[in-house]
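Structure data follow from input_2.txt (compact mmCIF, N, CA and C atoms):
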# COMPACT_ATOMS: atom_id res chain seq x y z
N MET A 1 0.84 -1.18 0.00
CA MET A 1 0.00 0.00 0.00
C MET A 1 0.89 1.25 0.00
N ILE A 2 0.55 2.18 -0.86
CA ILE A 2 1.33 3.42 -0.99
C ILE A 2 0.76 4.47 -0.04
N PRO A 3 1.64 5.12 0.72
CA PRO A 3 1.17 6.17 1.64
C PRO A 3 0.54 7.34 0.87
N PHE A 4 -0.33 8.06 1.55
CA PHE A 4 -1.09 9.17 0.97
C PHE A 4 -0.16 10.25 0.39
N ARG A 5 0.92 10.60 1.08
CA ARG A 5 1.86 11.63 0.60
C ARG A 5 2.53 11.21 -0.70
N GLN A 6 2.86 9.94 -0.82
CA GLN A 6 3.48 9.47 -2.06
C GLN A 6 2.48 9.50 -3.22
N LYS A 7 1.23 9.21 -2.95
CA LYS A 7 0.20 9.30 -3.99
C LYS A 7 0.09 10.73 -4.51
N ILE A 8 0.06 11.68 -3.58
CA ILE A 8 -0.02 13.10 -3.98
C ILE A 8 1.21 13.50 -4.78
N PHE A 9 2.37 13.04 -4.31
CA PHE A 9 3.61 13.36 -5.02
C PHE A 9 3.58 12.79 -6.44
N PHE A 10 3.15 11.56 -6.63
CA PHE A 10 3.07 10.95 -7.95
C PHE A 10 2.05 11.67 -8.84
N ILE A 11 0.94 12.08 -8.27
CA ILE A 11 -0.06 12.82 -9.04
C ILE A 11 0.53 14.15 -9.50
N TYR A 12 1.22 14.86 -8.61
CA TYR A 12 1.88 16.13 -9.00
C TYR A 12 2.93 15.88 -10.08
N LEU A 13 3.66 14.82 -9.97
CA LEU A 13 4.69 14.48 -10.95
C LEU A 13 4.06 14.21 -12.32
N ILE A 14 2.97 13.47 -12.33
CA ILE A 14 2.27 13.19 -13.59
C ILE A 14 1.71 14.47 -14.20
N VAL A 15 1.11 15.32 -13.40
CA VAL A 15 0.57 16.59 -13.88
C VAL A 15 1.69 17.46 -14.44
N PHE A 16 2.83 17.49 -13.76
CA PHE A 16 3.98 18.27 -14.22
C PHE A 16 4.46 17.79 -15.59
N PHE A 17 4.60 16.48 -15.79
CA PHE A 17 5.05 15.95 -17.06
C PHE A 17 4.02 16.17 -18.17
N LEU A 18 2.75 16.09 -17.85
CA LEU A 18 1.71 16.40 -18.84
C LEU A 18 1.77 17.87 -19.25
N PHE A 19 2.01 18.74 -18.27
CA PHE A 19 2.16 20.17 -18.54
C PHE A 19 3.35 20.41 -19.46
N LEU A 20 4.49 19.78 -19.18
CA LEU A 20 5.67 19.93 -20.02
C LEU A 20 5.43 19.41 -21.43
N ALA A 21 4.77 18.27 -21.54
CA ALA A 21 4.49 17.68 -22.85
C ALA A 21 3.59 18.60 -23.68
N GLY A 22 2.65 19.26 -23.05
CA GLY A 22 1.78 20.20 -23.76
C GLY A 22 2.43 21.53 -24.05
N LEU A 23 3.46 21.86 -23.30
CA LEU A 23 4.12 23.16 -23.44
C LEU A 23 5.02 23.23 -24.67
N PHE A 24 5.69 22.16 -25.03
CA PHE A 24 6.65 22.19 -26.13
C PHE A 24 6.04 22.59 -27.48
N PRO A 25 4.93 22.03 -27.92
CA PRO A 25 4.36 22.48 -29.20
C PRO A 25 3.94 23.95 -29.16
N PHE A 26 3.42 24.38 -28.04
CA PHE A 26 3.02 25.78 -27.90
C PHE A 26 4.22 26.71 -28.01
N VAL A 27 5.32 26.36 -27.34
CA VAL A 27 6.52 27.19 -27.37
C VAL A 27 7.12 27.21 -28.77
N ASN A 28 7.20 26.07 -29.44
CA ASN A 28 7.74 26.04 -30.80
C ASN A 28 6.94 26.93 -31.73
N HIS A 29 5.63 26.84 -31.65
CA HIS A 29 4.77 27.65 -32.51
C HIS A 29 4.93 29.14 -32.19
N THR A 30 5.00 29.48 -30.93
CA THR A 30 5.13 30.88 -30.53
C THR A 30 6.47 31.46 -30.96
N VAL A 31 7.54 30.71 -30.79
CA VAL A 31 8.86 31.18 -31.20
C VAL A 31 8.93 31.36 -32.71
N GLU A 32 8.34 30.45 -33.47
CA GLU A 32 8.33 30.58 -34.93
C GLU A 32 7.56 31.84 -35.35
N LYS A 33 6.39 32.07 -34.75
CA LYS A 33 5.61 33.27 -35.07
C LYS A 33 6.38 34.53 -34.72
N LEU A 34 7.03 34.53 -33.57
CA LEU A 34 7.78 35.70 -33.13
C LEU A 34 8.98 35.97 -34.04
N SER A 35 9.73 34.94 -34.39
CA SER A 35 10.88 35.15 -35.25
C SER A 35 10.44 35.59 -36.65
N ARG A 36 9.35 35.03 -37.14
CA ARG A 36 8.83 35.45 -38.45
C ARG A 36 8.42 36.92 -38.43
N LYS A 37 7.75 37.35 -37.37
CA LYS A 37 7.32 38.75 -37.28
C LYS A 37 8.51 39.69 -37.19
N ILE A 38 9.51 39.34 -36.38
CA ILE A 38 10.68 40.19 -36.25
C ILE A 38 11.43 40.29 -37.58
N MET A 39 11.61 39.14 -38.25
CA MET A 39 12.29 39.17 -39.55
C MET A 39 11.51 39.96 -40.57
N CYS A 40 10.18 39.84 -40.55
CA CYS A 40 9.34 40.59 -41.49
C CYS A 40 9.43 42.09 -41.24
N ASP A 41 9.41 42.49 -39.98
CA ASP A 41 9.53 43.91 -39.64
C ASP A 41 10.88 44.46 -40.07
N ARG A 42 11.95 43.71 -39.83
CA ARG A 42 13.29 44.15 -40.24
C ARG A 42 13.41 44.19 -41.77
N ALA A 43 12.78 43.25 -42.46
CA ALA A 43 12.80 43.25 -43.93
C ALA A 43 12.09 44.48 -44.47
N THR A 44 10.96 44.81 -43.87
CA THR A 44 10.23 46.01 -44.28
C THR A 44 11.07 47.26 -44.07
N GLU A 45 11.74 47.32 -42.94
CA GLU A 45 12.61 48.46 -42.64
C GLU A 45 13.76 48.55 -43.65
N LEU A 46 14.36 47.44 -43.99
CA LEU A 46 15.44 47.43 -44.96
C LEU A 46 14.96 47.81 -46.36
N ILE A 47 13.78 47.33 -46.74
CA ILE A 47 13.22 47.68 -48.04
C ILE A 47 12.96 49.18 -48.12
N GLU A 48 12.46 49.77 -47.05
CA GLU A 48 12.23 51.22 -47.04
C GLU A 48 13.54 51.99 -47.21
N ARG A 49 14.64 51.47 -46.66
CA ARG A 49 15.94 52.13 -46.79
C ARG A 49 16.48 52.07 -48.21
N ILE A 50 16.27 50.96 -48.90
CA ILE A 50 16.87 50.79 -50.23
C ILE A 50 15.95 51.19 -51.37
N GLN A 51 14.69 51.44 -51.08
CA GLN A 51 13.69 51.73 -52.11
C GLN A 51 14.00 52.99 -52.90
N SER A 52 14.71 53.93 -52.32
CA SER A 52 14.96 55.21 -52.98
C SER A 52 16.13 55.17 -53.95
N ALA A 53 16.76 54.04 -54.12
CA ALA A 53 17.90 53.92 -55.03
C ALA A 53 17.44 54.13 -56.48
N PRO A 54 18.23 54.87 -57.27
CA PRO A 54 17.82 55.15 -58.65
C PRO A 54 18.02 53.99 -59.64
N SER A 55 18.88 53.03 -59.30
CA SER A 55 19.15 51.92 -60.22
C SER A 55 19.50 50.65 -59.44
N ASP A 56 19.65 49.56 -60.18
CA ASP A 56 20.03 48.29 -59.54
C ASP A 56 21.40 48.39 -58.87
N GLU A 57 22.34 49.07 -59.52
CA GLU A 57 23.69 49.22 -58.95
C GLU A 57 23.65 50.03 -57.66
N ALA A 58 22.83 51.08 -57.65
CA ALA A 58 22.69 51.89 -56.44
C ALA A 58 22.01 51.10 -55.33
N LEU A 59 21.06 50.24 -55.71
CA LEU A 59 20.40 49.37 -54.73
C LEU A 59 21.41 48.44 -54.07
N VAL A 60 22.30 47.87 -54.86
CA VAL A 60 23.34 46.99 -54.32
C VAL A 60 24.29 47.77 -53.42
N ARG A 61 24.66 48.99 -53.83
CA ARG A 61 25.53 49.83 -52.98
C ARG A 61 24.88 50.14 -51.65
N LYS A 62 23.58 50.48 -51.68
CA LYS A 62 22.87 50.77 -50.42
C LYS A 62 22.82 49.55 -49.52
N LEU A 63 22.63 48.37 -50.09
CA LEU A 63 22.62 47.15 -49.29
C LEU A 63 23.99 46.89 -48.67
N LYS A 64 25.05 47.16 -49.40
CA LYS A 64 26.40 46.96 -48.87
C LYS A 64 26.68 47.90 -47.70
N GLU A 65 26.03 49.06 -47.69
CA GLU A 65 26.22 50.02 -46.60
C GLU A 65 25.53 49.58 -45.31
N GLN A 66 24.58 48.69 -45.40
CA GLN A 66 23.80 48.24 -44.24
C GLN A 66 24.53 47.12 -43.52
N LYS A 67 25.60 47.44 -42.84
CA LYS A 67 26.40 46.42 -42.15
C LYS A 67 25.86 46.06 -40.77
N ALA A 68 25.11 46.93 -40.15
CA ALA A 68 24.69 46.72 -38.76
C ALA A 68 23.35 45.99 -38.67
N LEU A 69 23.16 45.01 -39.53
CA LEU A 69 21.91 44.26 -39.51
C LEU A 69 22.04 43.01 -38.67
N VAL A 70 20.92 42.53 -38.19
CA VAL A 70 20.91 41.34 -37.35
C VAL A 70 21.02 40.07 -38.22
N PHE A 71 20.73 40.17 -39.48
CA PHE A 71 20.66 39.00 -40.34
C PHE A 71 22.04 38.43 -40.63
N TYR A 72 22.06 37.12 -40.78
CA TYR A 72 23.31 36.45 -41.11
C TYR A 72 23.67 36.68 -42.58
N ARG A 73 22.65 36.70 -43.42
CA ARG A 73 22.88 36.82 -44.86
C ARG A 73 21.70 37.53 -45.49
N VAL A 74 21.97 38.39 -46.48
CA VAL A 74 20.93 39.14 -47.18
C VAL A 74 21.14 38.96 -48.68
N SER A 75 20.05 38.71 -49.41
CA SER A 75 20.11 38.57 -50.86
C SER A 75 18.98 39.37 -51.48
N VAL A 76 19.22 39.85 -52.71
CA VAL A 76 18.16 40.47 -53.51
C VAL A 76 18.07 39.68 -54.80
N ILE A 77 16.85 39.27 -55.13
CA ILE A 77 16.60 38.43 -56.29
C ILE A 77 15.67 39.18 -57.24
N SER A 78 16.04 39.22 -58.51
CA SER A 78 15.25 39.94 -59.51
C SER A 78 14.01 39.15 -59.90
N ASP A 79 13.17 39.76 -60.73
CA ASP A 79 11.94 39.12 -61.17
C ASP A 79 12.20 37.89 -62.04
N GLN A 80 13.44 37.72 -62.52
CA GLN A 80 13.80 36.54 -63.32
C GLN A 80 14.51 35.49 -62.47
N HIS A 81 14.40 35.62 -61.14
CA HIS A 81 15.01 34.71 -60.17
C HIS A 81 16.54 34.74 -60.20
N LYS A 82 17.11 35.85 -60.67
CA LYS A 82 18.56 35.99 -60.71
C LYS A 82 19.01 36.78 -59.48
N VAL A 83 20.11 36.37 -58.89
CA VAL A 83 20.63 37.02 -57.69
C VAL A 83 21.35 38.30 -58.10
N LEU A 84 20.81 39.45 -57.66
CA LEU A 84 21.47 40.73 -57.92
C LEU A 84 22.55 40.99 -56.88
N TYR A 85 22.26 40.61 -55.64
CA TYR A 85 23.20 40.85 -54.55
C TYR A 85 23.05 39.75 -53.53
N ASP A 86 24.18 39.33 -52.98
CA ASP A 86 24.21 38.39 -51.87
C ASP A 86 25.37 38.79 -50.98
N SER A 87 25.10 38.96 -49.71
CA SER A 87 26.13 39.46 -48.79
C SER A 87 27.28 38.48 -48.59
N HIS A 88 27.10 37.22 -48.97
CA HIS A 88 28.15 36.22 -48.75
C HIS A 88 28.69 35.62 -50.06
N THR A 89 28.55 36.34 -51.15
CA THR A 89 28.96 35.76 -52.43
C THR A 89 30.45 35.46 -52.49
N LYS A 90 31.27 36.37 -52.03
CA LYS A 90 32.72 36.12 -52.12
C LYS A 90 33.13 34.97 -51.22
N ARG A 91 32.54 34.90 -50.04
CA ARG A 91 32.90 33.85 -49.09
C ARG A 91 32.39 32.48 -49.53
N LEU A 92 31.18 32.45 -50.08
CA LEU A 92 30.56 31.17 -50.39
C LEU A 92 30.83 30.69 -51.82
N LEU A 93 30.79 31.59 -52.78
CA LEU A 93 30.89 31.17 -54.17
C LEU A 93 32.19 31.61 -54.84
N GLY A 94 32.87 32.57 -54.24
CA GLY A 94 34.14 33.04 -54.80
C GLY A 94 33.97 33.70 -56.15
N PRO A 95 34.94 33.54 -57.02
CA PRO A 95 34.91 34.24 -58.32
C PRO A 95 33.88 33.69 -59.30
N ARG A 96 33.31 32.53 -59.01
CA ARG A 96 32.35 31.96 -59.97
C ARG A 96 30.96 32.58 -59.86
N PHE A 97 30.73 33.52 -58.92
CA PHE A 97 29.42 34.18 -58.80
C PHE A 97 29.26 35.21 -59.90
N SER A 98 28.09 35.23 -60.49
CA SER A 98 27.72 36.29 -61.43
C SER A 98 26.25 36.59 -61.21
N GLN A 99 25.80 37.67 -61.78
CA GLN A 99 24.40 38.03 -61.61
C GLN A 99 23.49 37.20 -62.52
N GLU A 100 24.04 36.22 -63.17
CA GLU A 100 23.26 35.27 -63.95
C GLU A 100 22.90 34.05 -63.11
N TYR A 101 23.32 34.03 -61.85
CA TYR A 101 23.06 32.92 -60.94
C TYR A 101 21.57 32.90 -60.61
N VAL A 102 20.87 31.81 -60.95
CA VAL A 102 19.42 31.69 -60.79
C VAL A 102 19.12 30.84 -59.56
N VAL A 103 18.17 31.29 -58.73
CA VAL A 103 17.80 30.55 -57.53
C VAL A 103 16.32 30.19 -57.55
N TYR A 104 16.02 29.04 -56.99
CA TYR A 104 14.64 28.60 -56.79
C TYR A 104 14.55 28.01 -55.39
N HIS A 105 14.19 28.83 -54.45
CA HIS A 105 14.00 28.40 -53.07
C HIS A 105 12.51 28.48 -52.76
N PRO A 106 11.98 27.62 -51.87
CA PRO A 106 10.55 27.64 -51.57
C PRO A 106 10.06 28.99 -51.04
N GLU A 107 10.86 29.63 -50.18
CA GLU A 107 10.44 30.92 -49.64
C GLU A 107 10.45 32.02 -50.70
N VAL A 108 11.37 31.94 -51.65
CA VAL A 108 11.43 32.93 -52.74
C VAL A 108 10.23 32.75 -53.66
N ASN A 109 9.91 31.50 -53.99
CA ASN A 109 8.73 31.24 -54.82
C ASN A 109 7.45 31.73 -54.14
N ASP A 110 7.34 31.49 -52.82
CA ASP A 110 6.18 31.99 -52.07
C ASP A 110 6.13 33.51 -52.09
N ALA A 111 7.28 34.16 -51.97
CA ALA A 111 7.31 35.62 -51.97
C ALA A 111 6.85 36.18 -53.31
N PHE A 112 7.24 35.55 -54.41
CA PHE A 112 6.78 36.01 -55.73
C PHE A 112 5.28 35.79 -55.89
N GLU A 113 4.76 34.70 -55.33
CA GLU A 113 3.34 34.39 -55.48
C GLU A 113 2.46 35.13 -54.47
N LYS A 114 2.87 35.14 -53.19
CA LYS A 114 2.02 35.65 -52.11
C LYS A 114 2.51 36.95 -51.47
N GLY A 115 3.73 37.37 -51.78
CA GLY A 115 4.26 38.59 -51.19
C GLY A 115 5.25 38.33 -50.07
N ILE A 116 5.13 37.18 -49.43
CA ILE A 116 6.06 36.83 -48.35
C ILE A 116 6.17 35.32 -48.26
N GLY A 117 7.37 34.85 -47.91
CA GLY A 117 7.59 33.42 -47.76
C GLY A 117 8.52 33.16 -46.59
N TYR A 118 8.31 32.05 -45.90
CA TYR A 118 9.11 31.69 -44.75
C TYR A 118 9.41 30.21 -44.81
N ASN A 119 10.65 29.85 -44.44
CA ASN A 119 11.04 28.45 -44.45
C ASN A 119 12.16 28.24 -43.44
N GLU A 120 12.16 27.09 -42.80
CA GLU A 120 13.27 26.69 -41.94
C GLU A 120 13.88 25.46 -42.58
N ASP A 121 15.20 25.52 -42.80
CA ASP A 121 15.83 24.42 -43.50
C ASP A 121 17.30 24.32 -43.10
N TYR A 122 17.86 23.16 -43.34
CA TYR A 122 19.27 22.93 -43.06
C TYR A 122 20.08 23.35 -44.28
N SER A 123 21.12 24.13 -44.07
CA SER A 123 21.99 24.58 -45.15
C SER A 123 23.18 23.63 -45.25
N GLU A 124 23.25 22.91 -46.36
CA GLU A 124 24.39 22.01 -46.59
C GLU A 124 25.67 22.82 -46.73
N LEU A 125 25.57 23.98 -47.35
CA LEU A 125 26.72 24.83 -47.59
C LEU A 125 27.31 25.39 -46.30
N LEU A 126 26.44 25.81 -45.37
CA LEU A 126 26.90 26.41 -44.12
C LEU A 126 26.90 25.44 -42.94
N GLY A 127 26.26 24.28 -43.10
CA GLY A 127 26.33 23.24 -42.10
C GLY A 127 25.49 23.45 -40.86
N GLN A 128 24.38 24.18 -40.96
CA GLN A 128 23.48 24.33 -39.82
C GLN A 128 22.09 24.74 -40.30
N LYS A 129 21.13 24.71 -39.38
CA LYS A 129 19.75 25.04 -39.70
C LYS A 129 19.54 26.55 -39.58
N PHE A 130 18.79 27.12 -40.54
CA PHE A 130 18.52 28.55 -40.56
C PHE A 130 17.04 28.82 -40.80
N SER A 131 16.62 30.03 -40.45
CA SER A 131 15.30 30.52 -40.80
C SER A 131 15.47 31.45 -42.00
N TYR A 132 14.66 31.21 -43.03
CA TYR A 132 14.72 31.99 -44.25
C TYR A 132 13.42 32.77 -44.41
N LEU A 133 13.52 34.06 -44.69
CA LEU A 133 12.34 34.87 -44.96
C LEU A 133 12.58 35.61 -46.26
N ALA A 134 11.61 35.56 -47.14
CA ALA A 134 11.68 36.28 -48.41
C ALA A 134 10.47 37.19 -48.50
N LYS A 135 10.72 38.43 -48.87
CA LYS A 135 9.64 39.41 -48.97
C LYS A 135 9.78 40.15 -50.30
N SER A 136 8.68 40.22 -51.04
CA SER A 136 8.73 40.88 -52.34
C SER A 136 8.48 42.38 -52.18
N PHE A 137 9.04 43.13 -53.11
CA PHE A 137 8.82 44.57 -53.16
C PHE A 137 8.95 45.04 -54.60
N THR A 138 8.32 46.15 -54.89
CA THR A 138 8.35 46.70 -56.23
C THR A 138 9.45 47.75 -56.31
N PHE A 139 10.30 47.62 -57.33
CA PHE A 139 11.42 48.53 -57.52
C PHE A 139 11.46 48.91 -58.99
N HIS A 140 11.13 50.17 -59.29
CA HIS A 140 11.08 50.69 -60.66
C HIS A 140 10.20 49.84 -61.56
N GLY A 141 9.02 49.47 -61.06
CA GLY A 141 8.04 48.75 -61.85
C GLY A 141 8.26 47.25 -61.94
N LYS A 142 9.32 46.74 -61.35
CA LYS A 142 9.58 45.30 -61.37
C LYS A 142 9.47 44.75 -59.96
N THR A 143 9.16 43.47 -59.88
CA THR A 143 9.07 42.82 -58.57
C THR A 143 10.40 42.19 -58.23
N TYR A 144 10.92 42.55 -57.06
CA TYR A 144 12.16 41.98 -56.54
C TYR A 144 11.83 41.29 -55.22
N VAL A 145 12.72 40.42 -54.80
CA VAL A 145 12.54 39.73 -53.52
C VAL A 145 13.79 39.93 -52.67
N LEU A 146 13.55 40.32 -51.43
CA LEU A 146 14.62 40.43 -50.44
C LEU A 146 14.59 39.15 -49.63
N ARG A 147 15.68 38.42 -49.63
CA ARG A 147 15.76 37.13 -48.90
C ARG A 147 16.71 37.30 -47.73
N LEU A 148 16.21 37.00 -46.53
CA LEU A 148 16.99 37.16 -45.31
C LEU A 148 17.20 35.81 -44.66
N ILE A 149 18.38 35.61 -44.11
CA ILE A 149 18.69 34.38 -43.41
C ILE A 149 19.12 34.74 -42.01
N ALA A 150 18.48 34.14 -41.03
CA ALA A 150 18.83 34.40 -39.63
C ALA A 150 18.90 33.11 -38.87

In structure tokens, how does this file's structure come out?
Amino acid sequence: MIPFRQKIFFIYLIVFFLFLAGLFPFVNHTVEKLSRKIMCDRATELIERIQSAPSDEALVRKLKEQKALVFYRVSVISDQHKVLYDSHTKRLLGPRFSQEYVVYHPEVNDAFEKGIGYNEDYSELLGQKFSYLAKSFTFHGKTYVLRLIA
């Protein structure tokens, strides 16, 4: 026969573990929503900063000036899915990078279709998992996508 205090202790222990089991999905969902919102707000802020550029070259120059960003990597993709700018091109691709480099990522495709795209994926190139956010914007009558990696 189990004493009354041990029964209460076991009941509290079971309730505690049930609480923890229910907490993890809630926390994962909340953190994903929060990180998506923060990345979206920062993307909007960055788009507002670069929107006034008179040409594609000036847009790339303005992006290069934005060094104090929280993002690990920033890319701008043209309406033809060609990379105009990538903050890590020299480090990752070296001299073989050109603006003819075409990308098809799920978040970029979503951004072209819906205006915004979000994806979490493992980067084989960088060897870790990242959050990717792509947001479309209009620049001189064409649709471009700003892709952020955090």

What is the distance between CA of Pro54 (chain A) and CA of Lys82 (chain A), in Å to one decimal? 19.3 Å

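Between atom N of Met1 (chain A) and atom N of Phe17 (chain A) lies a distance of 24.0 Å.
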
For Val145 (chain A), the nearest of the candidates A:Val76, A:Tyr85, A:Asn119, A:Leu126, counting only N, CA and C atoms: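 Using only N, CA and C atoms, the shortest distance to Val145 (chain A) belongs to A:Val76.
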
A straight line from CA of Val74 (chain A) to CA of His140 (chain A) spans 20.3 Å

Among chain A, which residues carry a DSSP assignment of alpha helix (DSSP H), reported as a ChimeraX atom specification? /A:4-50,56-65,89-92,106-114

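Distances from A:Leu18, A:Pro3, A:Leu84, A:Lys129 to Glu57 (chain A) were compared using only C-alpha atoms, and the smallest one belongs to A:Leu84.
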
Compare A:Ser87, A:Arg147, A:Tyr104, A:Tyr12 by their minimum atom-to-atom distance to Glu65 (chain A), counting only C-alpha atoms, and give me the closest one.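 The shortest atom-to-atom distance to Glu65 (chain A) comes from A:Ser87.
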
When you look at Asp79 (chain A) with a cut-off of 7 Å (counting all atoms listed in the file), what residues show up, excluding the ones that are within fewer than 4 positions of it in the same chain? I need them as an NGL selection string. :A and (142-145)

DSSP says strand (DSSP E) for which residues of region 16-83 of chain A? Put them as a list in words? Arg73, Val74, Ser75, Val76, Ile77 and Val83 of chain A

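With all atoms listed in the file as the atoms that count, the minimum distance from Ala134 (chain A) to the choices A:Ala58, A:Leu23, A:Leu13, A:Ile149 is reached by A:Ile149.
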
Who sits within 7 Å of Gly115 (chain A), only N, CA and C atoms, same chain under 6 positions skipped, as a PyMOL selection string: chain A and resi 134-137

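Comparing A:His105, A:Arg5, A:His88, A:Arg42 by their smallest distance to Ser75 (chain A), the closest is A:His88 (using only C-alpha atoms).
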
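Nearest residue to Gly117 (chain A), choosing from A:Leu46, A:Val102, A:Leu133, A:Ile77 and counting only N, CA and C atoms: A:Leu133.
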
Sel. within 6 Å of pt (7.7, 42.9, -45.1), counting only C-alpha atoms, output as a ChimeraX atom specification: /A:40-41,43-44,135
